[in-house]
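K.L.:
The following file, data.txt, comprises compact mmCIF, C-alpha atoms:
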```txt
# COMPACT_ATOMS: atom_id res chain seq x y z
CA MET F 13 116.72 140.34 65.05
CA ALA F 14 118.10 139.60 68.53
CA PRO F 15 120.43 136.57 68.59
CA ALA F 16 117.98 134.47 70.66
CA ALA F 17 115.08 135.28 68.35
CA GLU F 18 117.28 134.55 65.36
CA MET F 19 118.17 131.15 66.80
CA ARG F 20 114.50 130.37 67.47
CA SER F 21 113.63 131.25 63.92
CA ALA F 22 116.47 129.12 62.50
CA GLU F 23 115.27 126.32 64.73
CA ALA F 24 111.65 126.65 63.62
CA ASP F 25 112.86 126.46 60.04
CA LEU F 26 114.86 123.30 60.78
CA ILE F 27 111.84 121.64 62.44
CA HIS F 28 109.65 122.60 59.50
CA ARG F 29 112.13 121.06 57.06
CA LEU F 30 112.51 117.93 59.18
CA ARG F 31 108.74 117.41 59.27
CA GLY F 32 108.76 117.75 55.51
CA GLY F 33 111.28 114.89 55.28
CA ASP F 34 114.36 116.99 54.46
CA GLU F 35 117.35 114.69 54.97
CA ALA F 36 119.83 117.60 55.15
CA ALA F 37 117.91 119.02 58.12
CA PHE F 38 118.14 115.67 59.91
CA VAL F 39 121.88 115.37 59.20
CA CYS F 40 122.35 118.92 60.46
CA LEU F 41 120.71 118.08 63.81
CA VAL F 42 122.55 114.76 64.14
CA ASN F 43 125.89 116.46 63.50
CA ALA F 44 125.13 119.32 65.85
CA TYR F 45 124.11 117.27 68.87
CA SER F 46 125.36 113.68 68.68
CA ALA F 47 128.69 114.31 70.42
CA SER F 48 127.04 116.05 73.38
CA LEU F 49 124.28 113.44 73.48
CA ARG F 50 126.86 110.71 73.65
CA ARG F 51 128.76 112.41 76.44
CA PHE F 52 125.51 113.00 78.27
CA ALA F 53 124.40 109.37 77.89
CA LEU F 54 127.72 108.18 79.33
CA ALA F 55 126.77 109.74 82.64
CA PHE F 56 123.96 107.22 82.96
CA VAL F 57 125.05 104.06 81.17
CA PRO F 58 128.10 101.86 81.73
CA ASN F 59 129.99 102.13 78.46
CA ASP F 60 130.47 103.71 75.04
CA ALA F 61 128.61 100.98 73.17
CA VAL F 62 125.46 101.39 75.24
CA ALA F 63 125.75 105.19 75.02
CA GLU F 64 125.88 104.93 71.24
CA GLU F 65 122.74 102.76 71.23
CA VAL F 66 120.90 105.19 73.49
CA VAL F 67 121.82 108.11 71.21
CA GLN F 68 120.57 106.15 68.22
CA GLU F 69 117.30 105.34 69.99
CA THR F 70 116.98 109.03 70.84
CA TRP F 71 117.20 110.06 67.18
CA LEU F 72 114.55 107.51 66.23
CA ALA F 73 112.33 108.89 69.00
CA VAL F 74 112.94 112.40 67.64
CA LEU F 75 111.65 111.28 64.24
CA THR F 76 108.54 109.63 65.61
CA GLY F 77 107.88 112.54 67.99
CA ILE F 78 108.63 115.48 65.71
CA ALA F 79 105.01 115.79 64.58
CA ARG F 80 103.99 116.35 68.20
CA PHE F 81 106.82 118.78 69.08
CA GLU F 82 105.11 122.01 70.07
CA GLY F 83 108.11 124.25 70.48
CA ARG F 84 107.41 125.02 74.14
CA SER F 85 111.06 124.28 74.92
CA SER F 86 113.99 124.66 72.56
CA VAL F 87 114.54 121.73 70.23
CA LYS F 88 117.84 121.11 72.00
CA THR F 89 116.31 120.69 75.46
CA TRP F 90 113.50 118.60 73.96
CA ILE F 91 116.04 116.20 72.40
CA PHE F 92 118.12 116.02 75.59
CA LYS F 93 115.05 115.29 77.68
CA ILE F 94 114.20 112.39 75.38
CA LEU F 95 117.75 111.14 75.82
CA ALA F 96 117.62 111.55 79.61
CA ASN F 97 114.45 109.42 79.77
CA ARG F 98 115.88 106.72 77.50
CA ALA F 99 119.20 106.69 79.36
CA LYS F 100 117.52 106.42 82.75
CA THR F 101 115.35 103.53 81.57
CA ARG F 102 118.44 101.86 80.21
CA ALA F 103 120.39 102.50 83.41
CA ILE F 104 117.68 100.83 85.46
CA ARG F 105 117.79 97.84 83.14
CA GLU F 106 121.58 97.75 83.54
CA ARG F 107 121.10 98.11 87.31
CA ARG F 108 122.99 101.33 87.39
CA THR F 109 121.27 104.36 88.79
CA ILE F 110 122.22 107.96 89.07
CA ASN F 111 120.81 109.85 91.97
CA PHE F 112 120.69 113.61 91.73
CA SER F 113 118.40 113.86 94.74
CA GLU F 114 121.22 112.72 97.05
CA LEU F 115 122.13 116.37 97.13
CA ASP F 116 118.91 117.23 98.87
CA ASP F 117 120.03 115.15 101.80
CA PRO F 118 121.25 117.61 104.43
CA PHE F 119 123.21 114.84 106.13
CA GLU F 120 125.44 114.24 103.20
CA PRO F 121 128.94 114.77 104.52
CA ASP F 122 130.70 117.88 103.29
CA GLN F 123 133.26 117.36 100.62
CA PRO F 124 135.71 120.21 101.08
CA ALA F 125 137.10 121.75 97.89
CA VAL F 126 140.59 121.59 99.36
CA ASP F 127 142.03 119.32 102.06
CA PRO F 128 141.49 121.14 105.41
CA ALA F 129 145.06 120.25 106.37
CA ARG F 130 146.24 122.82 103.82
CA PHE F 131 144.86 125.63 105.99
CA LEU F 132 145.91 127.03 109.36
CA PRO F 133 143.55 125.87 112.13
CA ALA F 134 140.58 127.95 113.29
CA SER F 135 142.45 128.42 116.57
CA HIS F 136 145.34 130.20 114.87
CA PRO F 137 145.82 133.60 116.62
CA THR F 138 146.31 135.74 113.50
CA TRP F 139 145.52 133.77 110.32
CA PRO F 140 142.79 131.20 111.00
CA GLY F 141 141.65 129.45 107.82
CA HIS F 142 144.43 130.92 105.69
CA TRP F 143 146.74 128.87 103.49
CA ALA F 144 149.34 127.16 105.71
CA SER F 145 151.90 127.55 102.94
CA PRO F 146 151.73 129.55 99.71
CA LEU F 147 150.23 127.86 96.67
CA ASP F 148 152.57 126.66 93.95
CA THR F 149 152.02 128.69 90.82
CA TRP F 150 151.23 126.69 87.73
CA SER F 151 148.17 128.43 86.32
CA ALA F 152 150.19 130.51 83.87
CA SER F 153 151.90 127.48 82.33
CA ALA F 154 148.93 125.07 82.47
CA GLU F 155 147.96 125.82 78.90
CA ASP F 156 151.45 125.70 77.38
CA ALA F 157 151.60 123.68 74.20
CA VAL F 158 154.49 121.60 75.56
CA VAL F 159 152.56 120.21 78.50
CA GLY F 160 149.25 120.43 76.67
CA ARG F 161 148.72 116.92 75.32
CA GLU F 162 149.60 115.08 78.48
CA THR F 163 147.66 117.52 80.65
CA MET F 164 144.57 117.02 78.50
CA GLY F 165 144.96 113.26 78.86
CA VAL F 166 145.06 113.55 82.65
CA LEU F 167 142.06 115.84 82.65
CA HIS F 168 140.05 113.57 80.40
CA ARG F 169 140.76 110.52 82.57
CA GLU F 170 139.86 112.33 85.78
CA LEU F 171 136.67 113.75 84.32
CA ASP F 172 135.60 110.18 83.59
CA ARG F 173 136.36 109.23 87.19
CA LEU F 174 134.15 111.89 88.77
CA PRO F 175 130.93 110.67 90.39
CA ALA F 176 128.30 110.45 87.63
CA SER F 177 126.22 113.45 88.73
CA GLN F 178 129.31 115.72 88.92
CA ARG F 179 130.63 114.35 85.66
CA VAL F 180 127.49 115.09 83.68
CA VAL F 181 127.26 118.64 85.03
CA VAL F 182 130.95 119.44 84.40
CA ALA F 183 130.72 117.88 80.94
CA LEU F 184 127.69 119.91 79.93
CA ARG F 185 128.86 123.17 81.48
CA ASP F 186 132.60 123.12 80.79
CA VAL F 187 133.11 120.68 77.90
CA GLN F 188 129.96 121.54 75.94
CA GLY F 189 129.71 125.10 77.22
CA TRP F 190 126.02 125.04 78.12
CA PRO F 191 124.55 127.80 80.29
CA ALA F 192 123.50 126.79 83.81
CA ALA F 193 119.77 127.23 83.10
CA GLU F 194 119.79 124.64 80.30
CA VAL F 195 121.65 122.10 82.42
CA CYS F 196 119.11 122.57 85.21
CA GLU F 197 116.20 122.13 82.82
CA VAL F 198 117.49 119.01 81.14
CA LEU F 199 118.66 117.30 84.33
CA GLY F 200 115.77 118.49 86.48
CA LEU F 201 118.15 120.09 88.97
CA SER F 202 117.68 123.21 91.06
CA GLU F 203 120.11 126.01 90.32
CA ALA F 204 121.74 125.59 93.75
CA ASN F 205 122.27 121.84 93.30
CA GLN F 206 123.63 122.32 89.82
CA ARG F 207 126.17 124.73 91.29
CA VAL F 208 127.12 122.33 94.11
CA LEU F 209 127.80 119.56 91.57
CA LEU F 210 129.78 121.90 89.34
CA HIS F 211 131.76 123.15 92.35
CA ARG F 212 132.63 119.69 93.61
CA GLY F 213 133.57 118.46 90.16
CA ARG F 214 135.73 121.47 89.30
CA SER F 215 137.38 121.52 92.74
CA ARG F 216 138.31 117.88 92.42
CA LEU F 217 139.74 118.36 88.93
CA ARG F 218 141.75 121.37 90.09
CA GLY F 219 143.25 119.23 92.86
CA VAL F 220 144.22 116.58 90.32
CA LEU F 221 145.93 119.16 88.10
CA GLU F 222 147.73 120.58 91.13
CA ASN F 223 149.17 117.16 91.99
CA TYR F 224 150.05 116.59 88.37
CA PHE F 225 151.93 119.89 88.00
CA ASN F 226 153.68 119.52 91.37
CA ASP F 227 154.87 116.03 90.45
CA ASN F 228 156.16 117.28 87.13
CA SER F 229 157.88 120.46 88.22
CA MET V 26 124.78 142.56 109.54
CA ASN V 27 126.46 140.38 112.16
CA ASP V 28 130.13 140.07 113.09
CA ASP V 29 130.48 136.95 111.02
CA THR V 30 129.65 138.66 107.74
CA ARG V 31 131.73 141.70 108.61
CA ARG V 32 134.79 139.55 109.02
CA GLU V 33 137.35 139.30 106.28
CA MET V 34 137.00 136.20 104.12
CA ALA V 35 139.57 133.49 104.92
CA CYS V 36 141.20 131.40 102.19
CA GLN V 37 139.33 128.28 103.33
CA GLU V 38 135.99 130.03 102.78
CA LEU V 39 137.08 131.52 99.47
CA VAL V 40 137.77 128.13 97.91
CA GLU V 41 134.19 127.05 98.80
CA VAL V 42 132.42 130.07 97.33
CA ILE V 43 134.61 130.44 94.25
CA THR V 44 132.10 128.70 91.94
CA GLY V 45 129.38 131.10 93.08
CA TYR V 46 131.80 133.95 92.40
CA LEU V 47 132.57 132.69 88.88
CA GLU V 48 128.87 132.03 88.23
CA GLY V 49 127.95 135.52 89.36
CA THR V 50 125.53 134.18 91.97
CA LEU V 51 127.44 135.25 95.08
CA PRO V 52 125.46 137.83 97.10
CA GLU V 53 126.86 141.35 96.72
CA PHE V 54 128.19 141.47 100.27
CA ASP V 55 130.13 138.21 99.95
CA ARG V 56 131.35 139.26 96.55
CA ALA V 57 132.88 142.36 98.13
CA ARG V 58 134.49 140.25 100.89
CA PHE V 59 135.79 137.87 98.22
CA GLU V 60 137.37 140.67 96.22
CA THR V 61 138.81 142.41 99.28
CA HIS V 62 140.49 139.19 100.34
CA LEU V 63 141.68 138.45 96.84
CA ALA V 64 143.36 141.84 96.51
CA SER V 65 145.78 141.01 99.33
CA CYS V 66 146.25 137.24 98.94
CA ALA V 67 148.63 135.98 96.24
CA SER V 68 147.75 132.33 96.88
CA CYS V 69 144.03 132.93 96.42
CA GLN V 70 144.76 134.92 93.24
CA GLU V 71 146.66 131.89 92.01
CA TYR V 72 143.80 129.60 93.07
CA LEU V 73 141.32 131.65 91.06
CA GLU V 74 143.64 131.59 88.04
CA GLN V 75 144.01 127.81 88.41
CA MET V 76 140.23 127.46 88.32
CA ARG V 77 140.03 129.64 85.21
CA ALA V 78 142.82 127.65 83.54
CA LEU V 79 141.01 124.41 84.42
CA ILE V 80 137.77 125.68 82.87
CA ARG V 81 139.57 126.70 79.67
CA LEU V 82 141.37 123.35 79.48
CA THR V 83 138.15 121.42 80.07
CA GLY V 84 136.59 123.42 77.25
CA ARG V 85 139.23 122.03 74.91
CA LEU V 86 138.30 118.40 75.59
CA THR V 87 136.52 116.87 72.69
CA THR V 88 133.77 114.32 72.63
CA ARG V 89 133.58 111.61 70.05
CA SER V 90 130.51 111.78 67.87
CA LEU V 91 128.75 108.72 66.44
CA GLU V 92 130.44 105.86 64.61
CA PRO V 93 130.01 106.10 60.81
CA GLU V 94 127.98 102.86 60.82
CA THR V 95 125.56 104.34 63.32
CA VAL V 96 125.10 107.43 61.15
CA ASP V 97 124.45 105.20 58.11
CA SER V 98 121.92 103.19 60.04
CA LEU V 99 120.23 106.39 61.24
CA LEU V 100 120.01 107.67 57.67
CA SER V 101 118.36 104.43 56.55
CA SER V 102 115.87 104.78 59.39
CA PHE V 103 115.28 108.39 58.38
CA ARG V 104 114.50 107.40 54.79
CA ARG V 105 112.09 104.67 55.91
CA TRP V 106 110.41 107.17 58.24
CA ARG V 107 110.17 109.80 55.47
CA ASP V 108 108.70 107.31 53.01
CA SER V 109 106.13 106.15 55.53
CA GLN V 110 105.15 109.81 56.11
CA THR V 111 104.56 110.58 52.47
CA GLY V 112 103.11 107.16 51.70
CA LEU V 113 105.55 106.60 48.87
```
Take the structure I supplied and represent it as structure tokens, if you would.

P.N.:
Amino acid sequence: MAPAAEMRSAEADLIHRLRGGDEAAFVCLVNAYSASLRRFALAFVPNDAVAEEVVQETWLAVLTGIARFEGRSSVKTWIFKILANRAKTRAIRERRTINFSELDDPFEPDQPAVDPARFLPASHPTWPGHWASPLDTWSASAEDAVVGRETMGVLHRELDRLPASQRVVVALRDVQGWPAAEVCEVLGLSEANQRVLLHRGRSRLRGVLENYFNDNS
Amino acid sequence: MNDDTRREMACQELVEVITGYLEGTLPEFDRARFETHLASCASCQEYLEQMRALIRLTGRLTTRSLEPETVDSLLSSFRRWRDSQTGL
């Protein structure tokens, strides 16, 4: 069986067992998805405690809705869509909204990936738009065990500081390792907008790591 | 094909299309310009490696799952739900 078909079949089995009241099947789903659900909820709601509540509500909604689940989407996207609806409702109640459609606004000012001052001006006779000075090299040592713990701390903090729409996309793509198509489906984003959010988020985090390594070298 | 797309890619453009490059969504022509530029620019090679290192590091971040009390409470809810299903 192809891996995708195999996954579908394992999933169908899990749903069948869950409908039959199999507690192990429920625990299996809760363990598989709660961490990502929690991270996802945090993009919409103000704090950990509320995120935890929203994830709990989501699991209860999964139980009451499982009889009506028709398998038109994967069980994973179905669960995440339930969460997205709950989290948005909750965000409105908490007067905190997340606006993905901002990206459709053509007047939104450009956020360059790198400070334009780092490049030679467009008027430069030979090298317009090229790096004004060579980049410091830290990529090879970024994953060293010695710097590891502190680097991860910096990265974690900065991820939390990203604008909510960038944070949720970077978290799902790079922390949870989801493919782009699933992120688009669950968040209701076009492929292009998903990529813009990922690009802005990653570019900003790279800049933070650059400052961090330059300060510590 | 106009002059603009014939032109070599500058570093400032490369850093804006790098996500498309990594995602494999960059049109073939721009992909070729990207790779041509990269072959002769040590700073952009480093930039690309920094992005790849960032993605690997981000992939090592962990997310806390649910508190044990929440899991217990969910299991109680599950059992109530199951019993209501079977009418026991």

K.L.:
For a quick check of understanding, using only C-alpha atoms, which of F:Val187, F:Val180, F:Ala55, F:Val166 has the smallest distance to chain V?

P.N.:
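Residue with the minimum atom-to-atom distance to chain V: F:Val187.
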
K.L.:
Separation of atom CA of F:Arg130 and atom CA of F:Trp143, in Å?

P.N.:
6.1 Å

K.L.:
Between atom CA of F:Gln188 and atom CA of F:Leu95, measure the distance and give it in Å to one decimal.

P.N.:
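Computing it gives 16.0 Å between the two atoms.
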
K.L.:
Which residues are close to V:Leu51, i.e. within 12 Å by all atoms listed in the file, leaving aside same-chain residues fewer than 3 positions away? Reply as an MDAnalysis selection string.

P.N.:
(chainID F and resid 204 207) or (chainID V and resid 39 41:48 54:60)

K.L.:
Specify as an MDAnalysis selection string all residues of chain V found within 10 Å of chain F, counting all atoms listed in the file.

P.N.:
chainID V and resid 34:45 48 50 66:92 95:96 98:100 102:104 106:108 110:111

K.L.:
For atom CA of V:Ser109 and atom CA of F:Glu82, quote the distance in Å rounded to one decimal.

P.N.:
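Atom-to-atom, atom CA of V:Ser109 to atom CA of F:Glu82, that is 21.5 Å.
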
K.L.:
Pick out the residues sitting within 9 Å of F:Val87, and hand them over as a ChimeraX atom specification; count only C-alpha atoms, and ignore anything fewer than 5 positions along from it in its own chain.

P.N.:
/F:23-24,27,81,92

K.L.:
So which one's closest to F:Ile104, F:Val57, F:Leu199, F:Leu26, F:Leu41? Using only C-alpha atoms, please.

P.N.:
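The shortest atom-to-atom distance to F:Ile104 comes from F:Val57.
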
K.L.:
List every protein, DNA or RNA residue with an atom no more than 9 Å from (121.6, 105.0, 83.4) in the file's coordinates, counting only C-alpha atoms, and format the result as a CSV table (one decimal) with C-alpha atoms, keeping the file's coordinate frame.

P.N.:
```csv
chain,number,residue,atom,x,y,z
F,53,ALA,CA,124.4,109.4,77.9
F,54,LEU,CA,127.7,108.2,79.3
F,55,ALA,CA,126.8,109.7,82.6
F,56,PHE,CA,124.0,107.2,83.0
F,57,VAL,CA,125.0,104.1,81.2
F,58,PRO,CA,128.1,101.9,81.7
F,96,ALA,CA,117.6,111.6,79.6
F,98,ARG,CA,115.9,106.7,77.5
F,99,ALA,CA,119.2,106.7,79.4
F,100,LYS,CA,117.5,106.4,82.8
F,101,THR,CA,115.4,103.5,81.6
F,102,ARG,CA,118.4,101.9,80.2
F,103,ALA,CA,120.4,102.5,83.4
F,104,ILE,CA,117.7,100.8,85.5
F,105,ARG,CA,117.8,97.8,83.1
F,106,GLU,CA,121.6,97.8,83.5
F,107,ARG,CA,121.1,98.1,87.3
F,108,ARG,CA,123.0,101.3,87.4
F,109,THR,CA,121.3,104.4,88.8
F,110,ILE,CA,122.2,108.0,89.1
```

K.L.:
Mind working out the centre and edge lengths of an axis-aligned box for stretch 85-93 of chain V, all listed atoms inside, 5 Å added to each side, rounded to one decimal in Å and written as lines of an AutoDock Vina configuration file?

P.N.:
```
center_x = 134.0
center_y = 113.9
center_z = 68.2
size_x = 20.5
size_y = 26.2
size_z = 24.8
```
